[in-house]
file final14.cif (mmCIF, C-alpha atoms and all ligand atoms)
data_data
#
loop_
_atom_site.label_atom_id
_atom_site.label_comp_id
_atom_site.auth_asym_id
_atom_site.auth_seq_id
_atom_site.Cartn_x
_atom_site.Cartn_y
_atom_site.Cartn_z
CA MET A 1 0.00 0.00 0.00
CA GLN A 2 2.29 2.76 -1.17
CA GLY A 3 -0.41 4.96 -2.58
CA PRO A 4 -0.38 8.68 -3.18
CA PRO A 5 -2.10 9.57 0.17
CA LEU A 6 0.93 8.34 2.09
CA ASP A 7 3.26 10.26 -0.17
CA ARG A 8 1.21 13.39 0.23
CA ARG A 9 1.28 13.03 4.00
CA GLY A 10 4.99 12.36 3.91
CA ALA A 11 5.57 15.42 1.74
CA ALA A 12 3.42 17.54 4.03
CA ARG A 13 5.32 16.29 7.06
CA ARG A 14 8.63 17.02 5.34
CA ARG A 15 7.46 20.53 4.53
CA VAL A 16 6.54 21.10 8.17
CA THR A 17 9.80 19.70 9.56
CA ASN A 18 11.79 21.67 7.01
CA ALA A 19 9.96 24.85 7.93
CA LEU A 20 10.25 24.42 11.72
CA PRO A 21 13.99 24.98 12.18
CA ALA A 22 13.80 28.21 10.20
CA ALA A 23 10.90 29.40 12.32
CA ILE A 24 12.31 28.48 15.72
CA SER A 25 16.06 28.50 15.10
CA LEU A 26 17.82 30.81 17.51
CA ASP A 27 21.08 30.91 15.59
CA ARG A 28 20.24 31.34 11.94
CA PRO A 29 18.21 34.44 11.19
CA PRO A 30 15.95 33.68 8.24
CA PHE A 31 16.54 36.99 6.42
CA ILE A 32 15.68 35.54 3.07
CA ARG A 33 12.66 33.58 4.25
CA ARG A 34 11.15 36.52 6.14
CA THR A 35 8.00 37.10 4.16
CA SER A 36 5.39 38.72 6.35
CA PHE A 37 5.14 41.54 8.86
CA LYS A 38 3.79 39.12 11.47
CA TYR A 39 6.68 36.75 10.95
CA GLY A 40 9.18 39.62 11.11
CA LEU A 41 7.58 40.90 14.31
CA LEU A 42 7.63 37.45 15.92
CA TYR A 43 11.23 36.91 14.84
CA GLY A 44 12.22 40.32 16.23
CA LEU A 45 10.51 39.65 19.57
CA LYS A 46 12.09 36.21 19.78
CA THR A 47 15.53 37.66 19.04
CA ILE A 48 15.15 40.39 21.68
CA LEU A 49 13.88 37.93 24.30
CA TRP A 50 16.60 35.42 23.49
CA ASP A 51 19.29 38.12 23.56
CA MET A 52 18.01 39.25 26.96
CA VAL A 53 18.25 35.67 28.24
CA ALA A 54 21.69 35.23 26.67
CA ASP A 55 22.98 38.58 27.97
CA GLY A 56 21.53 38.02 31.46
CA PRO A 57 24.44 35.99 32.85
CA HIS A 58 26.98 38.52 31.47
CA ILE A 59 25.14 41.44 33.03
CA LEU A 60 24.54 39.74 36.39
CA LEU A 61 28.11 38.45 36.61
CA SER A 62 29.65 41.85 35.84
CA MET A 63 27.39 43.56 38.39
CA ALA A 64 28.27 40.96 41.04
CA LEU A 65 31.98 41.48 40.34
CA VAL A 66 31.62 45.25 40.62
CA PHE A 67 29.84 44.72 43.92
CA LEU A 68 32.64 42.45 45.17
CA LEU A 69 35.66 44.31 43.81
CA LEU A 70 34.73 47.98 43.71
CA ARG A 71 31.91 48.10 46.26
CA LYS A 72 30.68 51.46 45.04
CA ARG A 73 27.44 53.01 46.20
CA ARG A 74 27.04 55.25 43.15
CA VAL A 75 25.12 53.86 40.19
CA GLU A 76 27.63 54.83 37.43
CA PRO A 77 29.91 51.80 37.89
CA TYR A 78 26.93 49.49 37.49
CA PHE A 79 25.67 51.27 34.36
CA VAL A 80 29.17 51.20 32.89
CA THR A 81 29.75 47.53 33.65
CA VAL A 82 26.34 46.55 32.22
CA LEU A 83 27.18 48.41 29.00
CA ALA A 84 30.63 46.84 28.82
CA ALA A 85 29.22 43.37 29.46
CA SER A 86 26.42 43.61 26.91
CA ILE A 87 27.86 45.63 24.00
CA PRO A 88 30.10 42.79 22.67
CA ASP A 89 27.02 40.67 21.94
CA ALA A 90 25.52 43.43 19.78
CA ASP A 91 27.38 41.67 16.95
CA LYS A 92 24.50 39.18 16.84
CA VAL A 93 22.18 41.93 15.68
CA LEU A 94 24.49 44.41 13.96
CA PHE A 95 26.48 42.33 11.53
CA SER A 96 24.37 39.25 10.73
CA SER A 97 22.52 40.86 7.85
CA LEU A 98 25.74 42.35 6.43
CA ILE A 99 27.40 38.91 6.51
CA GLU A 100 24.30 37.32 4.99
CA ARG A 101 24.48 39.77 2.09
CA GLY A 102 28.23 39.30 1.68
CA TYR A 103 29.23 42.87 2.59
CA VAL A 104 31.62 41.88 5.40
CA ASP A 105 33.81 38.89 6.23
CA GLY A 106 31.90 36.11 7.96
CA VAL A 107 34.73 34.97 10.23
CA ILE A 108 35.76 38.35 11.63
CA TRP A 109 32.31 39.90 11.94
CA PHE A 110 30.36 36.79 12.96
CA HIS A 111 29.18 36.40 16.58
CA ARG A 112 32.15 36.22 19.00
CA GLY A 113 34.37 37.78 16.35
CA VAL A 114 35.72 41.29 16.33
CA THR A 115 33.59 42.57 19.22
CA HIS A 116 35.06 39.82 21.40
CA SER A 117 38.69 40.70 20.59
CA LEU A 118 41.16 42.28 22.99
CA VAL A 119 41.54 45.29 20.69
CA PHE A 120 37.80 45.97 20.78
CA GLY A 121 37.81 45.41 24.54
CA VAL A 122 40.50 48.07 25.03
CA LEU A 123 38.61 50.52 22.78
CA LEU A 124 35.36 49.85 24.65
CA VAL A 125 37.04 50.44 28.01
CA ALA A 126 38.58 53.68 26.67
CA VAL A 127 35.21 54.97 25.42
CA LEU A 128 33.25 53.95 28.53
CA GLY A 129 36.04 55.36 30.69
CA LEU A 130 35.07 58.79 29.36
CA VAL A 131 31.65 58.56 31.01
CA GLY A 132 32.31 56.39 34.07
CA PRO A 133 34.87 54.40 36.07
CA TRP A 134 37.16 52.52 33.69
CA ARG A 135 37.65 49.73 36.23
CA ALA A 136 33.95 48.90 35.98
CA ALA A 137 34.30 48.78 32.17
CA VAL A 138 37.28 46.42 32.49
CA ILE A 139 35.24 44.14 34.77
CA GLY A 140 32.35 44.10 32.28
CA VAL A 141 34.53 43.30 29.25
CA PHE A 142 36.75 40.82 31.10
CA SER A 143 33.86 38.87 32.65
CA HIS A 144 32.09 38.70 29.26
CA LEU A 145 35.18 37.39 27.50
CA CYS A 146 35.89 34.86 30.29
CA LEU A 147 32.37 33.43 30.18
CA ASP A 148 32.41 33.17 26.37
CA PHE A 149 35.95 31.75 26.51
CA LEU A 150 34.63 28.88 28.65
CA THR A 151 31.58 28.19 26.49
CA GLY A 152 32.95 27.77 22.99
CA GLY A 153 35.64 30.41 22.64
CA VAL A 154 36.23 33.89 21.26
CA ARG A 155 38.41 35.33 18.50
CA LEU A 156 40.62 37.14 21.00
CA PHE A 157 43.43 38.28 18.75
CA ILE A 158 41.64 39.80 15.75
CA PRO A 159 43.12 41.47 13.66
CA LEU A 160 46.44 39.66 14.23
CA ASP A 161 44.95 36.18 14.34
CA ASN A 162 41.40 35.16 13.45
CA GLY A 163 41.57 31.89 15.42
CA LEU A 164 38.94 30.89 17.97
CA TYR A 165 40.39 30.47 21.47
CA GLY A 166 38.55 28.86 24.34
CA LEU A 167 37.05 25.81 26.00
CA LYS A 168 33.85 23.92 25.33
CA PHE A 169 31.98 23.73 28.59
CA ASP A 170 28.23 23.33 28.22
CA TRP A 171 26.76 26.77 27.43
CA VAL A 172 23.51 26.36 29.36
CA LEU A 173 25.13 24.77 32.43
CA THR A 174 28.00 27.29 32.64
CA ASN A 175 25.69 30.26 32.24
CA ALA A 176 23.27 28.78 34.79
CA VAL A 177 26.09 28.39 37.33
CA ALA A 178 27.33 31.94 36.63
CA THR A 179 23.80 33.29 37.04
CA VAL A 180 23.18 31.47 40.33
CA VAL A 181 26.53 32.61 41.77
CA ALA A 182 26.00 36.20 40.59
CA VAL A 183 22.43 36.42 41.86
CA THR A 184 23.52 34.99 45.22
CA VAL A 185 26.31 37.57 45.51
CA LEU A 186 23.98 40.42 44.55
CA PHE A 187 21.27 39.24 46.91
CA VAL A 188 23.66 38.84 49.86
CA GLU A 189 25.23 42.21 49.08
CA LEU A 190 21.84 43.95 48.98
CA LEU A 191 20.82 42.28 52.25
CA ALA A 192 24.14 43.30 53.83
CA ARG A 193 23.63 46.87 52.68
CA LYS A 194 20.10 46.94 53.97
CA TYR A 195 21.08 45.67 57.40
CA ARG A 196 24.49 47.43 57.36
CA VAL A 197 26.50 44.20 57.75
CA ARG A 198 30.16 44.28 56.78
CA ILE A 199 30.92 41.24 54.61
CA ARG A 200 33.92 39.15 55.62
CA SER A 201 35.10 35.81 54.32
CA VAL A 202 33.69 33.05 56.52
CA LEU A 203 36.73 30.79 56.03
CA THR A 204 39.64 33.15 56.48
CA GLY A 205 38.17 36.12 58.24
CA ILE A 206 39.85 38.37 55.65
CA ASP A 207 37.90 41.53 55.00
CA LEU A 208 36.49 41.41 51.49
CA ASP A 209 36.13 45.16 51.30
CA LEU A 210 38.77 45.98 48.70
CA ARG A 211 38.07 49.69 48.37
CA ASN A 212 41.39 50.68 49.92
CA HIS A 213 43.38 48.34 47.67
CA LEU A 214 41.78 49.56 44.47
CA LYS A 215 41.89 53.28 45.05
ZN ZN B 1 29.57 37.25 23.82
#
call {"tool": "encode", "arguments": {"input": "final14.cif", "output": "structure tokens"}}
result
Amino acid sequence: MQGPPLDRRGAARRRVTNALPAAISLDRPPFIRRTSFKYGLLYGLKTILWDMVADGPHILLSMALVFLLLRKRRVEPYFVTVLAASIPDADKVLFSSLIERGYVDGVIWFHRGVTHSLVFGVLLVAVLGLVGPWRAAVIGVFSHLCLDFLTGGVRLFIPLDNGLYGLKFDWVLTNAVATVVAVTVLFVELLARKYRVRIRSVLTGIDLDLRNHLK
């Protein structure tokens, strides 16, 4: 019984399974397949939501590190570190369509390319240093590069070397651990501030307040 109905169903199923990855893929923007306003809107919303989820660990980690290392009460260091930690991933949005159309090199400008290089990091710190504490910018860039280094690698040495450097720890697990640690630090810090408790290391008794060392 290999009649046409089965073939039609099979073809329909193939069409659906072929269409699904394009519709739900988080990595490959379907620029060419984007045909309707509704689809474009859904894709845009999905991209923004996914980028927020993906940038979350970077932002939380950098804020936790600023809390631990700089311990500032002003808001500027936190704004600066959030910018420094999230700007590198703008490459996902900025350059994808240019690569897709062949205007720029896919290796250098692809995600985790030029915006994840040391040269770009130094430039970003220099620019953000004009509007806020440069140490907070360093923390944002450094923590972003470290996390990406662990979860697949970054092209650290563009333009000298386009190679990808890093390790291949599980992306979801590593980011989940970073998020839990960062949220715990932030939560404890906020509680300590609220109840005016001075945080000291439980194990060594060493004062974790590093303000005097970093000034
Ligand atoms: Zn990144």
call {"tool": "residues_near_ligand", "arguments": {"input": "final14.cif", "ligand": "ligand ZN 1 (chain B)", "cutoff": "8 Å", "atoms": "only C-alpha atoms and all ligand atoms", "output": "count of residues only"}}
result
12
call {"tool": "residues_around", "arguments": {"input": "final14.cif", "residues": "A:Asp161", "least_positions_apart": "3", "cutoff": "12 Å", "atoms": "all atoms listed in the file", "output": "list in words"}}
result
Val107, Ile108, Gly113, Val114, Ser117, Leu118, Val119, Val154, Arg155, Leu156, Phe157, Ile158, Leu164 and Tyr165 of chain A
call {"tool": "atom_distance", "arguments": {"input": "final14.cif", "atom1": "atom CA of A:Thr115", "atom2": "atom CA of A:Val131"}}
result
20.0 Å
call {"tool": "atom_distance", "arguments": {"input": "final14.cif", "atom1": "atom CA of A:Phe169", "atom2": "atom CA of A:Thr151"}}
result
4.9 Å
call {"tool": "atom_distance", "arguments": {"input": "final14.cif", "atom1": "atom CA of A:Lys92", "atom2": "atom CA of A:Val185"}}
result
28.8 Å
call {"tool": "closest_residue", "arguments": {"input": "final14.cif", "among": "A:Asp105, A:Glu76, A:Glu189, A:Glu100", "to": "A:Ala137", "atoms": "all atoms listed in the file"}}
result
A:Glu76
call {"tool": "residues_around", "arguments": {"input": "final14.cif", "residues": "A:Pro133", "least_positions_apart": "3", "cutoff": "12 Å", "atoms": "all atoms listed in the file", "output": "number ranges by chain"}}
result
A: 66, 70, 72, 74-81, 84, 125-130, 136-140, 214-215
call {"tool": "residues_around", "arguments": {"input": "final14.cif", "residues": "A:Ala64", "least_positions_apart": "2", "cutoff": "6 Å", "atoms": "only C-alpha atoms", "output": "list in words"}}
result
Leu61, Ser62, Val66, Phe67, Ala182, Val185 and Leu186 of chain A
call {"tool": "closest_residue", "arguments": {"input": "final14.cif", "among": "A:Leu150, A:Leu41, A:Ala90, A:Val104", "to": "A:Ala178", "atoms": "all atoms listed in the file"}}
result
A:Leu150
call {"tool": "closest_residue", "arguments": {"input": "final14.cif", "among": "A:Ile59, A:Phe110, A:Val181, A:Lys168", "to": "A:Ser97", "atoms": "only C-alpha atoms"}}
result
A:Phe110
call {"tool": "closest_residue", "arguments": {"input": "final14.cif", "among": "A:Asp91, A:Gly166, A:Thr179, A:Leu42", "to": "A:Gly106", "atoms": "only C-alpha atoms"}}
result
A:Asp91
